[in-house]
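One file, input.cif, is given below (mmCIF, C-alpha atoms).
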data_structure
loop_
_atom_site.label_atom_id
_atom_site.label_comp_id
_atom_site.auth_asym_id
_atom_site.auth_seq_id
_atom_site.Cartn_x
_atom_site.Cartn_y
_atom_site.Cartn_z
CA MET Q 1 -4.85 -10.73 -18.42
CA ASN Q 2 -5.09 -11.82 -14.79
CA ASN Q 3 -4.22 -9.54 -11.89
CA ASP Q 4 -0.66 -10.78 -11.37
CA MET Q 5 0.11 -10.33 -15.02
CA LEU Q 6 -1.43 -6.84 -14.97
CA ILE Q 7 0.86 -5.90 -12.09
CA ARG Q 8 3.87 -7.19 -14.00
CA VAL Q 9 2.90 -5.46 -17.25
CA THR Q 10 2.39 -2.16 -15.38
CA ARG Q 11 5.88 -2.61 -13.93
CA TYR Q 12 7.38 -3.27 -17.36
CA TYR Q 13 5.70 -0.10 -18.57
CA ARG Q 14 7.18 1.96 -15.75
CA ALA Q 15 10.65 0.47 -16.28
CA LEU Q 16 10.44 1.15 -20.03
CA ASN Q 17 9.55 4.79 -19.44
CA ARG Q 18 12.50 5.16 -17.08
CA LEU Q 19 14.90 3.49 -19.51
CA ARG Q 20 13.67 5.70 -22.32
CA ALA Q 21 14.09 8.77 -20.11
CA ILE Q 22 17.80 7.97 -19.71
CA GLY Q 23 18.27 7.57 -23.46
CA LEU Q 24 18.25 3.79 -23.96
CA GLU Q 25 16.86 2.37 -27.18
CA LYS Q 26 16.93 -1.39 -26.68
CA VAL Q 27 16.07 -3.58 -23.75
CA PHE Q 28 16.44 -7.29 -22.96
CA ALA Q 29 13.90 -9.44 -21.18
CA HIS Q 30 16.28 -9.83 -18.24
CA ASN Q 31 16.51 -6.03 -17.78
CA LEU Q 32 12.74 -5.78 -17.48
CA ALA Q 33 12.74 -8.87 -15.29
CA ASP Q 34 15.15 -7.16 -12.87
CA ALA Q 35 13.01 -4.02 -12.82
CA ALA Q 36 9.79 -5.96 -12.21
CA GLY Q 37 11.24 -8.43 -9.72
CA VAL Q 38 10.51 -11.54 -11.79
CA SER Q 39 12.58 -13.92 -13.93
CA ALA Q 40 13.39 -13.28 -17.59
CA ALA Q 41 11.39 -16.39 -18.47
CA VAL Q 42 8.26 -14.78 -17.00
CA VAL Q 43 8.83 -11.61 -19.05
CA ARG Q 44 9.24 -13.67 -22.23
CA LYS Q 45 6.11 -15.66 -21.47
CA ASP Q 46 4.08 -12.47 -20.79
CA PHE Q 47 5.34 -10.91 -24.02
CA SER Q 48 4.50 -14.05 -25.95
CA ILE Q 49 0.94 -13.97 -24.55
CA LEU Q 50 0.67 -10.31 -25.60
CA GLY Q 51 2.08 -11.09 -29.04
CA PHE Q 52 5.38 -9.17 -28.69
CA HIS Q 53 8.44 -10.64 -30.32
CA GLY Q 54 11.96 -9.31 -29.81
CA GLN Q 55 14.77 -9.62 -32.26
CA LYS Q 56 16.99 -12.62 -31.61
CA ARG Q 57 19.88 -10.21 -31.04
CA GLY Q 58 19.71 -6.74 -29.61
CA GLY Q 59 16.54 -7.12 -27.61
CA TYR Q 60 13.26 -5.25 -27.85
CA ASP Q 61 12.88 -1.73 -29.23
CA ILE Q 62 11.98 0.43 -26.20
CA THR Q 63 9.89 3.01 -28.08
CA ASP Q 64 7.88 0.33 -29.86
CA LEU Q 65 7.39 -1.73 -26.70
CA THR Q 66 6.34 1.32 -24.66
CA ALA Q 67 3.73 2.25 -27.26
CA ARG Q 68 2.37 -1.31 -27.47
CA ILE Q 69 2.11 -1.76 -23.70
CA GLY Q 70 0.78 1.79 -23.31
CA ALA Q 71 -2.02 0.96 -25.75
CA ILE Q 72 -2.88 -2.15 -23.72
CA LEU Q 73 -2.89 -0.21 -20.45
CA GLY Q 74 -4.99 2.57 -21.96
CA LYS Q 75 -2.27 5.21 -21.70
CA GLY Q 76 -1.85 8.37 -23.67
CA GLU Q 77 -3.88 10.91 -21.82
CA GLU Q 78 -3.03 12.30 -18.38
CA GLN Q 79 -5.02 10.60 -15.65
CA HIS Q 80 -6.59 12.74 -12.93
CA VAL Q 81 -7.05 11.93 -9.27
CA ILE Q 82 -8.46 13.75 -6.24
CA VAL Q 83 -7.36 13.46 -2.61
CA VAL Q 84 -10.07 13.40 0.06
CA GLY Q 85 -8.71 14.24 3.49
CA CYS Q 86 -5.87 16.75 3.48
CA GLY Q 87 -4.17 15.87 6.75
CA ARG Q 88 -0.46 15.00 6.82
CA ILE Q 89 -0.71 11.97 4.55
CA GLY Q 90 -3.08 13.67 2.10
CA LYS Q 91 -0.82 16.74 1.92
CA ALA Q 92 2.26 14.55 1.48
CA LEU Q 93 0.58 12.93 -1.54
CA MET Q 94 -0.44 16.33 -2.93
CA HIS Q 95 3.20 17.43 -2.77
CA TYR Q 96 4.60 14.17 -4.11
CA ASN Q 97 6.11 14.74 -7.55
CA GLY Q 98 6.67 11.10 -8.48
CA PHE Q 99 3.26 10.61 -10.11
CA GLU Q 100 4.02 12.73 -13.17
CA GLN Q 101 6.27 10.16 -14.81
CA ASP Q 102 3.32 7.75 -14.61
CA GLY Q 103 1.03 10.28 -16.30
CA ILE Q 104 -0.97 10.77 -13.12
CA ARG Q 105 -1.90 14.19 -11.72
CA ILE Q 106 -3.68 15.09 -8.50
CA VAL Q 107 -6.06 17.85 -9.55
CA ALA Q 108 -7.89 18.71 -6.30
CA GLY Q 109 -8.02 18.05 -2.58
CA PHE Q 110 -11.05 18.03 -0.28
CA ASP Q 111 -11.21 18.64 3.44
CA ASN Q 112 -13.76 19.72 6.03
CA ASP Q 113 -11.38 22.04 7.84
CA PRO Q 114 -11.67 25.71 6.70
CA VAL Q 115 -8.05 26.27 7.79
CA VAL Q 116 -7.04 23.71 5.18
CA TYR Q 117 -9.34 24.58 2.30
CA SER Q 118 -8.72 28.30 2.71
CA ASP Q 119 -4.94 27.88 2.63
CA ALA Q 120 -3.79 29.30 -0.69
CA SER Q 121 -0.24 27.94 -0.18
CA GLN Q 122 -1.27 24.40 -1.18
CA PRO Q 123 0.22 23.30 -4.52
CA ILE Q 124 -3.22 22.03 -5.59
CA PRO Q 125 -6.61 23.67 -4.90
CA VAL Q 126 -8.39 22.32 -1.81
CA TYR Q 127 -12.18 22.50 -1.59
CA PRO Q 128 -14.66 21.95 1.24
CA LEU Q 129 -16.28 18.51 1.14
CA SER Q 130 -19.65 20.15 0.54
CA ARG Q 131 -18.41 20.97 -2.97
CA LEU Q 132 -17.41 17.38 -3.83
CA ASP Q 133 -20.25 16.72 -6.30
CA GLU Q 134 -19.84 20.01 -8.10
CA VAL Q 135 -16.03 19.89 -8.42
CA VAL Q 136 -15.90 16.20 -9.36
CA GLY Q 137 -18.50 16.89 -12.05
CA ALA Q 138 -16.60 19.89 -13.38
CA LEU Q 139 -13.22 18.11 -13.39
CA LYS Q 140 -14.67 14.81 -14.66
CA VAL Q 141 -12.57 12.81 -12.18
CA ASN Q 142 -13.40 9.21 -11.38
CA VAL Q 143 -10.50 8.17 -9.13
CA ALA Q 144 -9.94 9.31 -5.53
CA ILE Q 145 -7.40 8.67 -2.79
CA ILE Q 146 -9.06 8.50 0.64
CA THR Q 147 -6.84 9.74 3.46
CA VAL Q 148 -9.45 10.63 6.06
CA PRO Q 149 -9.54 9.29 9.65
CA GLU Q 150 -11.07 5.88 10.30
CA ASN Q 151 -14.43 7.20 11.53
CA ALA Q 152 -15.04 9.27 8.38
CA ALA Q 153 -14.01 6.73 5.74
CA THR Q 154 -17.32 4.94 5.18
CA ASP Q 155 -19.30 8.17 4.74
CA ILE Q 156 -16.70 9.61 2.39
CA TYR Q 157 -16.77 6.42 0.33
CA ALA Q 158 -20.56 6.71 -0.04
CA SER Q 159 -20.26 10.40 -1.03
CA LEU Q 160 -17.62 9.58 -3.62
CA LEU Q 161 -19.70 6.81 -5.18
CA ALA Q 162 -22.72 9.14 -5.26
CA ALA Q 163 -20.57 11.74 -7.05
CA GLY Q 164 -19.56 9.18 -9.67
CA VAL Q 165 -16.06 8.43 -8.38
CA THR Q 166 -15.75 4.65 -8.78
CA GLY Q 167 -11.99 4.14 -8.48
CA ILE Q 168 -10.78 4.32 -4.87
CA MET Q 169 -7.40 4.00 -3.23
CA ASN Q 170 -8.17 3.86 0.49
CA PHE Q 171 -5.46 4.61 3.07
CA SER Q 172 -7.84 4.67 6.03
CA PRO Q 173 -7.71 1.57 8.23
CA VAL Q 174 -11.35 0.70 7.42
CA THR Q 175 -11.68 -1.98 4.75
CA LEU Q 176 -13.99 -0.52 2.08
CA LYS Q 177 -15.89 -3.03 -0.01
CA PRO Q 178 -16.77 -2.67 -3.68
CA GLN Q 179 -20.56 -2.74 -3.85
CA ARG Q 180 -22.43 -2.13 -7.06
CA THR Q 181 -23.81 1.42 -7.28
CA ALA Q 182 -27.37 2.39 -8.18
CA ASP Q 183 -26.09 2.83 -11.75
CA GLY Q 184 -24.93 -0.79 -11.78
CA ILE Q 185 -21.22 0.08 -11.70
CA LEU Q 186 -18.89 -2.11 -9.63
CA PRO Q 187 -16.33 0.23 -8.00
CA VAL Q 188 -12.62 -0.62 -8.05
CA VAL Q 189 -11.32 -0.36 -4.48
CA HIS Q 190 -7.71 -0.83 -3.39
CA ASN Q 191 -7.40 -0.83 0.40
CA ILE Q 192 -3.88 -0.01 1.59
CA ASN Q 193 -3.72 -0.57 5.31
CA ILE Q 194 -0.27 0.39 6.54
CA GLY Q 195 -0.78 -1.03 10.05
CA LEU Q 196 -1.99 -4.32 8.60
CA GLU Q 197 1.00 -4.53 6.26
CA LEU Q 198 3.37 -3.96 9.18
CA GLU Q 199 1.62 -6.65 11.22
CA GLN Q 200 2.03 -9.08 8.34
CA ILE Q 201 5.73 -8.25 8.07
CA PHE Q 202 6.19 -8.98 11.78
CA TYR Q 203 4.29 -12.23 11.39
CA GLU Q 204 6.28 -13.35 8.36
CA LEU Q 205 9.55 -12.55 10.17
CA LYS Q 206 8.42 -14.57 13.14
CA PHE Q 207 7.18 -17.53 11.09
CA PRO Q 208 9.28 -17.64 7.91
CA LYS Q 209 7.72 -19.56 5.03
CA GLU Q 210 10.98 -21.22 3.98
CA MET W 1 -1.69 -20.74 7.09
CA ASN W 2 -1.39 -19.34 3.56
CA ASN W 3 -1.01 -15.65 2.81
CA ASP W 4 -4.67 -14.94 2.08
CA MET W 5 -5.70 -16.59 5.32
CA LEU W 6 -3.04 -14.63 7.23
CA ILE W 7 -4.44 -11.39 5.84
CA ARG W 8 -7.94 -12.42 6.92
CA VAL W 9 -6.85 -13.52 10.38
CA THR W 10 -4.98 -10.23 10.89
CA ARG W 11 -8.17 -8.43 9.91
CA TYR W 12 -10.24 -10.48 12.37
CA TYR W 13 -7.73 -9.58 15.06
CA ARG W 14 -8.00 -5.86 14.30
CA ALA W 15 -11.80 -6.02 14.23
CA LEU W 16 -11.88 -7.89 17.54
CA ASN W 17 -9.70 -5.27 19.21
CA ARG W 18 -11.99 -2.53 17.97
CA LEU W 19 -15.12 -4.35 19.12
CA ARG W 20 -13.57 -4.96 22.53
CA ALA W 21 -12.59 -1.27 22.76
CA ILE W 22 -16.25 -0.27 22.40
CA GLY W 23 -17.32 -2.69 25.13
CA LEU W 24 -18.69 -5.66 23.20
CA GLU W 25 -18.30 -9.15 24.68
CA LYS W 26 -19.63 -11.46 21.98
CA VAL W 27 -19.23 -11.51 18.23
CA PHE W 28 -20.79 -13.51 15.39
CA ALA W 29 -18.97 -14.85 12.35
CA HIS W 30 -20.93 -12.48 10.13
CA ASN W 31 -19.74 -9.42 12.15
CA LEU W 32 -16.11 -10.41 11.58
CA ALA W 33 -16.93 -11.24 7.98
CA ASP W 34 -18.22 -7.71 7.45
CA ALA W 35 -15.14 -6.21 9.07
CA ALA W 36 -12.77 -8.35 7.01
CA GLY W 37 -14.67 -8.03 3.74
CA VAL W 38 -15.34 -11.79 3.35
CA SER W 39 -18.37 -14.03 3.80
CA ALA W 40 -19.38 -15.53 7.15
CA ALA W 41 -18.73 -18.98 5.68
CA VAL W 42 -15.08 -18.07 5.12
CA VAL W 43 -14.75 -16.87 8.74
CA ARG W 44 -16.27 -20.14 10.01
CA LYS W 45 -13.97 -22.19 7.82
CA ASP W 46 -10.88 -20.24 8.97
CA PHE W 47 -11.92 -20.68 12.61
CA SER W 48 -12.51 -24.37 12.09
CA ILE W 49 -8.99 -24.72 10.60
CA LEU W 50 -7.59 -22.88 13.63
CA GLY W 51 -9.61 -25.03 16.01
CA PHE W 52 -11.95 -22.29 17.32
CA HIS W 53 -15.53 -23.24 18.10
CA GLY W 54 -18.24 -20.73 18.93
CA GLN W 55 -21.29 -21.45 20.97
CA LYS W 56 -24.35 -22.35 18.91
CA ARG W 57 -26.07 -19.29 20.33
CA GLY W 58 -24.50 -16.02 21.31
CA GLY W 59 -21.43 -16.22 19.11
CA TYR W 60 -17.76 -16.19 20.05
CA ASP W 61 -16.36 -14.70 23.24
CA ILE W 62 -14.36 -11.66 22.11
CA THR W 63 -11.75 -11.73 24.89
CA ASP W 64 -11.06 -15.42 24.37
CA LEU W 65 -10.92 -15.12 20.59
CA THR W 66 -8.62 -12.09 20.73
CA ALA W 67 -6.22 -13.95 23.02
CA ARG W 68 -6.21 -17.06 20.81
CA ILE W 69 -5.65 -15.16 17.56
CA GLY W 70 -3.12 -12.90 19.29
CA ALA W 71 -1.14 -15.98 20.32
CA ILE W 72 -1.16 -17.23 16.72
CA LEU W 73 -0.06 -13.86 15.35
CA GLY W 74 2.69 -13.58 17.96
CA LYS W 75 1.12 -10.59 19.72
CA GLY W 76 1.57 -9.43 23.24
CA GLU W 77 4.64 -7.27 23.13
CA GLU W 78 4.78 -3.87 21.41
CA GLN W 79 6.39 -4.08 18.00
CA HIS W 80 8.95 -1.45 17.02
CA VAL W 81 9.57 0.09 13.63
CA ILE W 82 11.92 2.74 12.23
CA VAL W 83 11.26 5.18 9.40
CA VAL W 84 14.07 5.85 6.95
CA GLY W 85 13.59 9.06 5.02
CA CYS W 86 11.82 11.82 6.93
CA GLY W 87 10.36 13.83 4.08
CA ARG W 88 6.65 14.57 3.96
CA ILE W 89 5.52 10.96 3.79
CA GLY W 90 7.98 9.78 6.45
CA LYS W 91 6.94 12.61 8.77
CA ALA W 92 3.26 11.88 8.17
CA LEU W 93 3.84 8.28 9.27
CA MET W 94 5.81 9.44 12.33
CA HIS W 95 2.85 11.62 13.36
CA TYR W 96 0.22 8.99 12.54
CA ASN W 97 -1.42 7.79 15.75
CA GLY W 98 -3.34 4.87 14.29
CA PHE W 99 -0.56 2.31 14.81
CA GLU W 100 -0.92 2.16 18.58
CA GLN W 101 -4.12 0.13 18.53
CA ASP W 102 -2.22 -2.48 16.51
CA GLY W 103 0.59 -2.57 19.10
CA ILE W 104 3.02 -0.95 16.68
CA ARG W 105 5.28 1.96 17.61
CA ILE W 106 7.66 3.98 15.44
CA VAL W 107 10.72 4.42 17.65
CA ALA W 108 13.13 6.38 15.45
CA GLY W 109 13.50 8.19 12.15
CA PHE W 110 16.59 8.52 9.96
CA ASP W 111 17.45 11.21 7.45
CA ASN W 112 20.51 12.67 5.79
CA ASP W 113 19.37 16.27 6.15
CA PRO W 114 20.78 18.02 9.27
CA VAL W 115 17.77 20.37 9.24
CA VAL W 116 15.57 17.31 9.80
CA TYR W 117 17.65 15.29 12.25
CA SER W 118 18.45 18.38 14.36
CA ASP W 119 14.79 19.37 14.62
CA ALA W 120 13.78 18.72 18.23
CA SER W 121 10.08 19.33 17.45
CA GLN W 122 9.67 15.87 15.88
CA PRO W 123 7.48 13.54 17.97
CA ILE W 124 10.08 10.77 17.56
CA PRO W 125 13.89 11.18 17.61
CA VAL W 126 15.44 11.52 14.15
CA TYR W 127 19.06 10.44 13.61
CA PRO W 128 21.49 10.94 10.74
CA LEU W 129 21.77 7.91 8.47
CA SER W 130 25.40 7.48 9.53
CA ARG W 131 24.10 6.30 12.92
CA LEU W 132 21.80 3.62 11.47
CA ASP W 133 23.88 0.61 12.59
CA GLU W 134 24.40 1.96 16.08
CA VAL W 135 20.80 3.02 16.76
CA VAL W 136 19.25 -0.11 15.21
CA GLY W 137 21.56 -2.21 17.39
CA ALA W 138 20.69 -0.26 20.53
CA LEU W 139 16.92 -0.33 19.86
CA LYS W 140 16.95 -3.93 18.60
CA VAL W 141 14.61 -3.05 15.71
CA ASN W 142 14.22 -5.36 12.74
CA VAL W 143 11.46 -3.68 10.74
CA ALA W 144 11.81 -0.44 8.74
CA ILE W 145 9.59 1.71 6.56
CA ILE W 146 11.50 3.13 3.58
CA THR W 147 10.24 6.55 2.47
CA VAL W 148 13.32 7.86 0.66
CA PRO W 149 13.37 9.12 -2.94
CA GLU W 150 13.67 6.61 -5.78
CA ASN W 151 17.41 7.10 -6.34
CA ALA W 152 18.31 6.37 -2.70
CA ALA W 153 16.12 3.32 -2.09
CA THR W 154 18.47 0.55 -3.22
CA ASP W 155 21.40 1.84 -1.12
CA ILE W 156 19.19 2.31 1.94
CA TYR W 157 17.86 -1.22 1.53
CA ALA W 158 21.43 -2.60 1.51
CA SER W 159 22.33 -0.53 4.61
CA LEU W 160 19.25 -1.78 6.44
CA LEU W 161 20.00 -5.43 5.65
CA ALA W 162 23.60 -4.92 6.77
CA ALA W 163 22.32 -3.44 10.04
CA GLY W 164 20.13 -6.52 10.62
CA VAL W 165 16.79 -4.99 9.59
CA THR W 166 15.12 -7.76 7.60
CA GLY W 167 11.49 -6.60 7.55
CA ILE W 168 10.91 -3.82 5.03
CA MET W 169 7.87 -1.82 4.00
CA ASN W 170 9.01 0.11 0.94
CA PHE W 171 7.10 3.20 -0.24
CA SER W 172 9.71 4.26 -2.79
CA PRO W 173 8.75 3.48 -6.41
CA VAL W 174 11.73 1.10 -6.79
CA THR W 175 10.76 -2.57 -6.43
CA LEU W 176 13.07 -4.02 -3.76
CA LYS W 177 13.66 -7.75 -3.97
CA PRO W 178 14.13 -10.07 -1.01
CA GLN W 179 17.60 -11.58 -1.41
CA ARG W 180 19.12 -13.82 1.21
CA THR W 181 21.63 -11.96 3.41
CA ALA W 182 25.17 -13.11 4.24
CA ASP W 183 23.65 -14.57 7.44
CA GLY W 184 21.28 -16.71 5.36
CA ILE W 185 18.17 -14.73 6.31
CA LEU W 186 15.52 -14.14 3.67
CA PRO W 187 14.19 -10.58 4.19
CA VAL W 188 10.44 -9.90 4.19
CA VAL W 189 9.80 -7.05 1.76
CA HIS W 190 6.42 -5.41 1.08
CA ASN W 191 6.62 -2.95 -1.81
CA ILE W 192 3.82 -0.38 -1.75
CA ASN W 193 3.95 1.60 -4.95
CA ILE W 194 1.26 4.26 -4.88
CA GLY W 195 1.68 5.27 -8.53
CA LEU W 196 1.45 1.64 -9.61
CA GLU W 197 -1.71 1.08 -7.54
CA LEU W 198 -3.32 4.13 -9.14
CA GLU W 199 -2.40 2.89 -12.61
CA GLN W 200 -4.00 -0.43 -11.84
CA ILE W 201 -7.18 1.28 -10.64
CA PHE W 202 -7.37 3.24 -13.90
CA TYR W 203 -6.79 0.04 -15.85
CA GLU W 204 -9.45 -1.91 -13.96
CA LEU W 205 -11.96 0.92 -14.44
CA LYS W 206 -11.21 0.96 -18.15
CA PHE W 207 -11.40 -2.82 -18.53
CA PRO W 208 -13.83 -4.13 -15.90
CA LYS W 209 -13.43 -7.81 -15.04
CA GLU W 210 -17.15 -8.47 -14.87
#
In structure tokens, write the structure found in this file.
Amino acid sequence: MNNDMLIRVTRYYRALNRLRAIGLEKVFAHNLADAAGVSAAVVRKDFSILGFHGQKRGGYDITDLTARIGAILGKGEEQHVIVVGCGRIGKALMHYNGFEQDGIRIVAGFDNDPVVYSDASQPIPVYPLSRLDEVVGALKVNVAIITVPENAATDIYASLLAAGVTGIMNFSPVTLKPQRTADGILPVVHNINIGLELEQIFYELKFPKE
Amino acid sequence: MNNDMLIRVTRYYRALNRLRAIGLEKVFAHNLADAAGVSAAVVRKDFSILGFHGQKRGGYDITDLTARIGAILGKGEEQHVIVVGCGRIGKALMHYNGFEQDGIRIVAGFDNDPVVYSDASQPIPVYPLSRLDEVVGALKVNVAIITVPENAATDIYASLLAAGVTGIMNFSPVTLKPQRTADGILPVVHNINIGLELEQIFYELKFPKE
């Protein structure tokens, strides 16, 4: 499964969970196509590659399809994430309640500021960065969201890798590169640079592709 | 320029601005390569396509290169953005001070909650959504960041298009599709789905590509 297909299949999975939540039992390729922003032909082709076959009439069974795609995506258990850097963006993510329907839970935050990590009003426990190794080991987490300022990002990335966290979503403007760890593991790094995305939008508006 | 090259060139531009800010005058292809997460050969090839030639020794002149790339990216004037949905994530973006170095400024927020749009302590003026058309027209903004809940995103998207905002960065979990407006303009839509990104990270960790 290439990356584009993975993105689509993850979107189908999300759409299926939402449809099931509102009580639907059957779904057509074009419904999933709408939800994933592709054509129905693409959905049918993906499903054919994955070996799913709908009934000629009535569409695909949502429960069955959700289970099959869930198995492919490795779903079933709740997936745990930590947030490193509990400034405004980090706190916003810790309060965000949209992850639950995807089976994702933020289980801890880390920050260097005692005002932050001593604040019992946070919805999720926040620890000082000095306790990263210990807490990551105890919670057995391997995915982190980095929301620290630009100048701290590279050091935090190194600390996370050293602690065994090899899945990174990085919101800092520094581009972090996946480099094989001493244990031979290649980290998975998604850099989300909001300023860069905005610049690209301005550029694409100025020079339309059409 | 294809999309991958645009992303790289935007990254070179950001790196150049940072290098200039710390007083550097010359830069080598491999410095920009490091900053953009590519190889020096890719930087040289991109520059050759764009018609840039460095000196054999001493590298590229940073001021000259910044001006040339800036001209290509349509830089020079400050670029204005609005935020629609001033919950935690919207507010975090309104307080974020990292956009300035990219020449981007958030000029207004919009929210339906009177507690939010009457709060004078916000760093940027927040207006009720009913004033979207009027304020967008007065500020001549054409790019918006959508940070509203899932159930409001589609309506907000339609309102923005109707108001002439055709560049959209969407943080809601709904996938918004670029559909040509009545004026024949194809909107530029970047969907950033944090839950989806996390799911993909978990998937890639579980099934490494290597």
From (-5.4, 25.6, -2.3), in the file's coordinates, out to 12 Å: which residues are reached, counting only C-alpha atoms? Answer as a list in words.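 Those residues, ordered by chain and then number, are Cys86, Lys91, Met94, His95, Val107, Ala108, Gly109, Phe110, Asp111, Pro114, Val115, Val116, Tyr117, Ser118, Asp119, Ala120, Ser121, Gln122, Pro123, Ile124, Pro125, Val126, Tyr127 and Pro128 of chain Q.
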Just to confirm, what's the straight-line distance from CA of Lys206 (chain Q) to CA of Ala29 (chain W) in Å (one decimal)? 27.4 Å
Please determine, counting all atoms listed in the file, which residue among Q:Gly51, Q:Ala40, Q:Thr166, Q:Thr147 has the shortest atom-to-atom distance to Ala92 (chain W).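 Closest to Ala92 (chain W) of all the choices is Q:Thr147.
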Close residues, region 75-80 of chain Q itself excluded, 10 Å, only C-alpha atoms, min 5 positions apart in chain, as number ranges by chain: Q: 66-70, 99-100, 102-108, 139-144; W: 198-199, 202-203
What is the distance between CA of Asp113 (chain W) and CA of Val83 (chain Q), in Å to one decimal?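 Result for CA of Asp113 (chain W) versus CA of Val83 (chain Q): 28.3 Å, one decimal.
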Need a file for region 187-200 of chain Q from that block: N, CA, C and O atoms, written as an mmCIF file, in the first residue's frame.
data_model
loop_
_atom_site.group_PDB
_atom_site.id
_atom_site.type_symbol
_atom_site.label_atom_id
_atom_site.label_comp_id
_atom_site.auth_asym_id
_atom_site.auth_seq_id
_atom_site.Cartn_x
_atom_site.Cartn_y
_atom_site.Cartn_z
ATOM 1 N N PRO Q 187 13.000 6.392 12.508
ATOM 2 C CA PRO Q 187 11.816 7.057 13.068
ATOM 3 C C PRO Q 187 10.840 7.489 11.964
ATOM 4 O O PRO Q 187 11.242 7.685 10.815
ATOM 5 N N VAL Q 188 9.578 7.604 12.337
ATOM 6 C CA VAL Q 188 8.552 8.134 11.433
ATOM 7 C C VAL Q 188 8.295 9.572 11.857
ATOM 8 O O VAL Q 188 7.867 9.813 12.987
ATOM 9 N N VAL Q 189 8.608 10.524 10.993
ATOM 10 C CA VAL Q 189 8.481 11.937 11.362
ATOM 11 C C VAL Q 189 7.540 12.638 10.395
ATOM 12 O O VAL Q 189 7.757 12.608 9.180
ATOM 13 N N HIS Q 190 6.493 13.239 10.915
ATOM 14 C CA HIS Q 190 5.616 14.092 10.105
ATOM 15 C C HIS Q 190 5.831 15.536 10.553
ATOM 16 O O HIS Q 190 5.524 15.887 11.692
ATOM 17 N N ASN Q 191 6.380 16.351 9.672
ATOM 18 C CA ASN Q 191 6.581 17.764 9.987
ATOM 19 C C ASN Q 191 5.374 18.559 9.497
ATOM 20 O O ASN Q 191 5.053 18.517 8.307
ATOM 21 N N ILE Q 192 4.717 19.250 10.405
ATOM 22 C CA ILE Q 192 3.571 20.079 10.011
ATOM 23 C C ILE Q 192 3.941 21.522 10.295
ATOM 24 O O ILE Q 192 3.968 21.954 11.445
ATOM 25 N N ASN Q 193 4.286 22.231 9.227
ATOM 26 C CA ASN Q 193 4.765 23.597 9.385
ATOM 27 C C ASN Q 193 3.674 24.548 8.914
ATOM 28 O O ASN Q 193 3.450 24.716 7.712
ATOM 29 N N ILE Q 194 2.995 25.160 9.881
ATOM 30 C CA ILE Q 194 1.802 25.948 9.548
ATOM 31 C C ILE Q 194 2.170 27.159 8.687
ATOM 32 O O ILE Q 194 1.482 27.477 7.718
ATOM 33 N N GLY Q 195 3.299 27.820 9.031
ATOM 34 C CA GLY Q 195 3.724 28.975 8.233
ATOM 35 C C GLY Q 195 4.012 28.586 6.793
ATOM 36 O O GLY Q 195 3.610 29.269 5.848
ATOM 37 N N LEU Q 196 4.673 27.445 6.634
ATOM 38 C CA LEU Q 196 5.018 26.940 5.303
ATOM 39 C C LEU Q 196 3.758 26.618 4.498
ATOM 40 O O LEU Q 196 3.653 26.937 3.314
ATOM 41 N N GLU Q 197 2.786 26.003 5.155
ATOM 42 C CA GLU Q 197 1.530 25.676 4.474
ATOM 43 C C GLU Q 197 0.845 26.952 3.992
ATOM 44 O O GLU Q 197 0.340 27.021 2.878
ATOM 45 N N LEU Q 198 0.843 27.975 4.863
ATOM 46 C CA LEU Q 198 0.203 29.241 4.480
ATOM 47 C C LEU Q 198 0.927 29.859 3.295
ATOM 48 O O LEU Q 198 0.306 30.341 2.355
ATOM 49 N N GLU Q 199 2.267 29.829 3.335
ATOM 50 C CA GLU Q 199 3.026 30.383 2.215
ATOM 51 C C GLU Q 199 2.680 29.673 0.921
ATOM 52 O O GLU Q 199 2.585 30.291 -0.139
ATOM 53 N N GLN Q 200 2.524 28.351 0.999
ATOM 54 C CA GLN Q 200 2.190 27.593 -0.213
ATOM 55 C C GLN Q 200 0.807 27.960 -0.728
ATOM 56 O O GLN Q 200 0.580 28.040 -1.939
#
